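File shown here: target15.cif, holding mmCIF, C-alpha atoms.
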data_run
loop_
_atom_site.group_PDB
_atom_site.id
_atom_site.type_symbol
_atom_site.label_atom_id
_atom_site.label_comp_id
_atom_site.auth_asym_id
_atom_site.auth_seq_id
_atom_site.Cartn_x
_atom_site.Cartn_y
_atom_site.Cartn_z
ATOM 1 C CA MET A 24 26.900 121.227 -91.796
ATOM 2 C CA MET A 25 28.929 123.075 -89.124
ATOM 3 C CA LYS A 26 27.009 121.380 -86.350
ATOM 4 C CA GLN A 27 27.780 117.953 -87.772
ATOM 5 C CA MET A 28 31.476 118.847 -88.094
ATOM 6 C CA LYS A 29 31.601 120.025 -84.496
ATOM 7 C CA GLU A 30 29.862 116.857 -83.292
ATOM 8 C CA GLU A 31 32.383 114.732 -85.218
ATOM 9 C CA GLN A 32 35.195 116.756 -83.714
ATOM 10 C CA ILE A 33 33.806 116.236 -80.208
ATOM 11 C CA GLU A 34 33.524 112.486 -80.822
ATOM 12 C CA PHE A 35 37.117 112.432 -82.076
ATOM 13 C CA TYR A 36 38.347 114.181 -78.917
ATOM 14 C CA LYS A 37 36.333 111.846 -76.696
ATOM 15 C CA HIS A 38 37.904 108.875 -78.447
ATOM 16 C CA GLN A 39 41.388 110.367 -78.043
ATOM 17 C CA LEU A 40 40.793 110.995 -74.334
ATOM 18 C CA GLN A 41 39.703 107.406 -73.887
ATOM 19 C CA ARG A 42 42.844 106.188 -75.670
ATOM 20 C CA LEU A 43 44.987 108.367 -73.387
ATOM 21 C CA ARG A 44 43.258 106.977 -70.290
ATOM 22 C CA VAL A 45 43.907 103.413 -71.458
ATOM 23 C CA GLU A 46 47.543 104.248 -72.164
ATOM 24 C CA LEU A 47 47.981 105.939 -68.770
ATOM 25 C CA LEU A 48 46.490 102.928 -67.051
ATOM 26 C CA SER A 49 48.717 100.507 -68.944
ATOM 27 C CA ILE A 50 51.810 102.545 -68.009
ATOM 28 C CA ALA A 51 50.714 102.641 -64.358
ATOM 29 C CA LYS A 52 50.139 98.872 -64.320
ATOM 30 C CA GLN A 53 53.765 98.288 -65.298
ATOM 31 C CA ASP A 54 54.833 99.386 -61.805
ATOM 32 C CA SER A 55 52.820 97.456 -59.202
ATOM 33 C CA ASP A 56 53.677 99.852 -56.348
ATOM 34 C CA LEU A 57 52.577 102.849 -58.406
ATOM 35 C CA TYR A 58 49.397 101.067 -59.476
ATOM 36 C CA LYS A 59 48.519 100.226 -55.837
ATOM 37 C CA LYS A 60 48.899 103.878 -54.846
ATOM 38 C CA ILE A 61 46.692 105.008 -57.723
ATOM 39 C CA LYS A 62 43.996 102.443 -56.890
ATOM 40 C CA LYS A 63 44.098 103.438 -53.219
ATOM 41 C CA LEU A 64 43.582 107.096 -54.136
ATOM 42 C CA GLU A 65 40.686 106.182 -56.436
ATOM 43 C CA THR A 66 38.781 104.797 -53.436
ATOM 44 C CA ILE A 67 38.335 108.393 -52.226
ATOM 45 C CA PRO A 68 35.005 109.756 -53.528
ATOM 46 C CA GLY A 69 35.620 112.279 -56.302
ATOM 47 C CA ILE A 70 39.161 111.101 -57.102
ATOM 48 C CA GLY A 71 39.359 109.493 -60.520
ATOM 49 C CA LEU A 72 42.195 108.014 -62.526
ATOM 50 C CA GLU A 73 43.528 111.337 -63.832
ATOM 51 C CA THR A 74 43.490 113.023 -60.426
ATOM 52 C CA ALA A 75 45.149 110.018 -58.783
ATOM 53 C CA ILE A 76 47.889 109.974 -61.411
ATOM 54 C CA ILE A 77 48.487 113.699 -60.983
ATOM 55 C CA LEU A 78 48.747 113.342 -57.201
ATOM 56 C CA VAL A 79 51.118 110.392 -57.379
ATOM 57 C CA SER A 80 53.303 111.957 -60.065
ATOM 58 C CA GLU A 81 53.480 115.413 -58.481
ATOM 59 C CA THR A 82 54.458 113.958 -55.099
ATOM 60 C CA ASN A 83 56.894 111.431 -56.586
ATOM 61 C CA GLY A 84 54.806 108.570 -55.271
ATOM 62 C CA PHE A 85 54.537 110.202 -51.820
ATOM 63 C CA GLN A 86 58.138 109.124 -51.144
ATOM 64 C CA LEU A 87 59.106 112.223 -49.165
ATOM 65 C CA ILE A 88 55.704 112.784 -47.574
ATOM 66 C CA ARG A 89 55.677 111.490 -43.992
ATOM 67 C CA ASN A 90 52.418 112.975 -42.684
ATOM 68 C CA ILE A 91 49.342 114.895 -43.774
ATOM 69 C CA ARG A 92 50.816 118.255 -42.716
ATOM 70 C CA GLN A 93 53.711 117.834 -45.119
ATOM 71 C CA LEU A 94 51.333 117.021 -47.956
ATOM 72 C CA VAL A 95 49.094 119.995 -47.172
ATOM 73 C CA SER A 96 52.104 122.309 -47.050
ATOM 74 C CA TYR A 97 53.620 120.835 -50.213
ATOM 75 C CA ALA A 98 50.356 121.457 -52.051
ATOM 76 C CA GLY A 99 50.194 125.049 -50.765
ATOM 77 C CA LEU A 100 46.925 124.420 -48.944
ATOM 78 C CA ASP A 101 48.231 125.373 -45.517
ATOM 79 C CA VAL A 102 46.687 128.383 -43.827
ATOM 80 C CA SER A 103 48.610 131.643 -43.891
ATOM 81 C CA HIS A 104 47.725 134.148 -41.182
ATOM 82 C CA ASN A 105 48.149 137.858 -41.839
ATOM 83 C CA GLU A 106 48.765 139.219 -38.340
ATOM 84 C CA SER A 107 51.125 141.710 -36.804
ATOM 85 C CA GLY A 108 50.848 143.037 -33.266
ATOM 86 C CA MET A 109 47.273 144.208 -32.729
ATOM 87 C CA TYR A 110 46.399 143.852 -36.432
ATOM 88 C CA LYS A 111 44.456 140.733 -37.306
ATOM 89 C CA GLY A 112 44.089 140.276 -41.063
ATOM 90 C CA LYS A 113 42.365 137.610 -43.070
ATOM 91 C CA SER A 114 43.541 134.022 -43.093
ATOM 92 C CA LYS A 115 43.955 132.375 -46.473
ATOM 93 C CA ILE A 116 45.762 129.460 -48.055
ATOM 94 C CA SER A 117 49.451 130.139 -48.643
ATOM 95 C CA LYS A 118 49.579 129.001 -52.320
ATOM 96 C CA LYS A 119 53.353 128.541 -51.865
ATOM 97 C CA GLY A 120 53.210 124.905 -52.881
ATOM 98 C CA ASN A 121 52.499 122.887 -55.978
ATOM 99 C CA ARG A 122 49.709 124.532 -57.955
ATOM 100 C CA ARG A 123 49.055 121.454 -60.087
ATOM 101 C CA ILE A 124 48.006 119.548 -56.972
ATOM 102 C CA ARG A 125 45.665 122.385 -55.986
ATOM 103 C CA GLN A 126 44.187 122.438 -59.497
ATOM 104 C CA ALA A 127 43.723 118.668 -59.490
ATOM 105 C CA LEU A 128 41.919 118.728 -56.144
ATOM 106 C CA TYR A 129 39.443 121.465 -57.038
ATOM 107 C CA MET A 130 36.856 119.313 -58.846
ATOM 108 C CA PRO A 131 37.015 116.469 -56.288
ATOM 109 C CA ALA A 132 36.287 119.090 -53.633
ATOM 110 C CA MET A 133 33.220 120.195 -55.574
ATOM 111 C CA ALA A 134 32.100 116.562 -55.895
ATOM 112 C CA ALA A 135 32.590 116.103 -52.146
ATOM 113 C CA ILE A 136 30.225 118.996 -51.465
ATOM 114 C CA ARG A 137 27.526 117.320 -53.545
ATOM 115 C CA SER A 138 27.972 113.756 -52.301
ATOM 116 C CA ASN A 139 29.202 114.006 -48.696
ATOM 117 C CA GLU A 140 26.795 115.465 -46.134
ATOM 118 C CA LYS A 141 29.555 116.449 -43.679
ATOM 119 C CA MET A 142 31.440 118.304 -46.412
ATOM 120 C CA LYS A 143 28.236 120.043 -47.470
ATOM 121 C CA GLN A 144 27.629 121.196 -43.894
ATOM 122 C CA PHE A 145 31.229 122.385 -43.633
ATOM 123 C CA SER A 146 30.902 124.279 -46.923
ATOM 124 C CA ASP A 147 27.633 125.867 -45.796
ATOM 125 C CA ARG A 148 29.269 126.980 -42.535
ATOM 126 C CA ILE A 149 32.186 128.555 -44.420
ATOM 127 C CA ASN A 150 29.808 130.255 -46.858
ATOM 128 C CA GLU A 151 27.790 131.750 -43.971
ATOM 129 C CA LYS A 152 30.931 133.239 -42.426
ATOM 130 C CA ASN A 153 32.193 134.642 -45.741
ATOM 131 C CA PRO A 154 29.179 135.524 -47.897
ATOM 132 C CA ASN A 155 31.148 137.814 -50.238
ATOM 133 C CA VAL A 156 34.095 135.515 -50.966
ATOM 134 C CA LYS A 157 34.013 134.200 -54.526
ATOM 135 C CA ARG A 158 36.068 131.032 -54.010
ATOM 136 C CA LYS A 159 34.402 129.822 -50.849
ATOM 137 C CA SER A 160 34.850 126.086 -51.300
ATOM 138 C CA ILE A 161 38.627 126.267 -51.523
ATOM 139 C CA SER A 162 38.780 125.467 -47.813
ATOM 140 C CA LEU A 163 37.249 122.060 -48.473
ATOM 141 C CA TYR A 164 40.280 120.646 -50.115
ATOM 142 C CA ALA A 165 42.622 122.327 -47.686
#

The structure in this file should be written as structure tokens.
Amino acid sequence: MMKQMKEEQIEFYKHQLQRLRVELLSIAKQDSDLYKKIKKLETIPGIGLETAIILVSETNGFQLIRNIRQLVSYAGLDVSHNESGMYKGKSKISKKGNRRIRQALYMPAMAAIRSNEKMKQFSDRINEKNPNVKRKSISLYA
């Protein structure tokens, strides 16, 4: 009985998610410029409708973004060096930017590792250098 209830609940949530996707798409289609940007982002492997909408909405349609460096910095994916004089610390991403963009790009980065051979090689190289780091693949989307 409980299993059947849970399965019905899962089906209900799947249906609701599908309705939300359709509604998001219909809202995006109302603005042709916005819709073009979303469709362009969806051509990138691993970027789906939800991720594209998050990226476009969080960057205000990329209106103030003039180059890739600005976007990387705005997302908080730029490299922060911890150095002072002779001391050379670890480099890491700054995380000073928009965390929702970083969250949205995490799963596409994981998909890129699986589907893109160059990204897989890059990930393997990073993992060899830092065998003890838990979040090794974060550099992929930076």

What does the distance between CA of Leu72 (chain A) and CA of Val102 (chain A) come to in Å, to one decimal place?
-> 28.0 Å

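Distance check against Asn121 (chain A) using all atoms listed in the file: of A:Leu100, A:Asp147, A:Pro68, A:Thr74, the minimum falls on A:Leu100.
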
Please identify all polymer residues within 12 Å of Gly69 (chain A), counting all atoms listed in the file, omitting same-chain residues fewer than 6 positions from it, and present them as a PyMOL selection string.
-> chain A and resi 75+127-139+164

What is the distance between CA of Ser49 (chain A) and CA of Thr66 (chain A), in Å to one decimal?
-> 18.9 Å

May I have the protein, DNA and RNA residues with an atom at most 12 Å from (54.3, 104.7, -62.1), counting all atoms listed in the file in the file's coordinates, returned as number ranges by chain?
-> A: 47-62, 75-85

Rounded to one decimal in Å, what is the spacing between CA of Lys119 (chain A) and CA of Tyr97 (chain A)?
-> 7.9 Å

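Using only C-alpha atoms, the nearest neighbour of Val45 (chain A) within the list A:Arg89, A:Lys115, A:Met25, A:Glu73 is A:Glu73.
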
Tell me, as a PyMOL selection string, which residues lie within 9 Å of Ser117 (chain A), counting only C-alpha atoms; anything in the same chain fewer than 5 positions away does not count.
-> chain A and resi 96+99-104

For Arg123 (chain A), which residue out of A:Leu40, A:Ile33, A:Ala98, A:Ile149 is the nearest one, using all atoms listed in the file?
-> A:Ala98
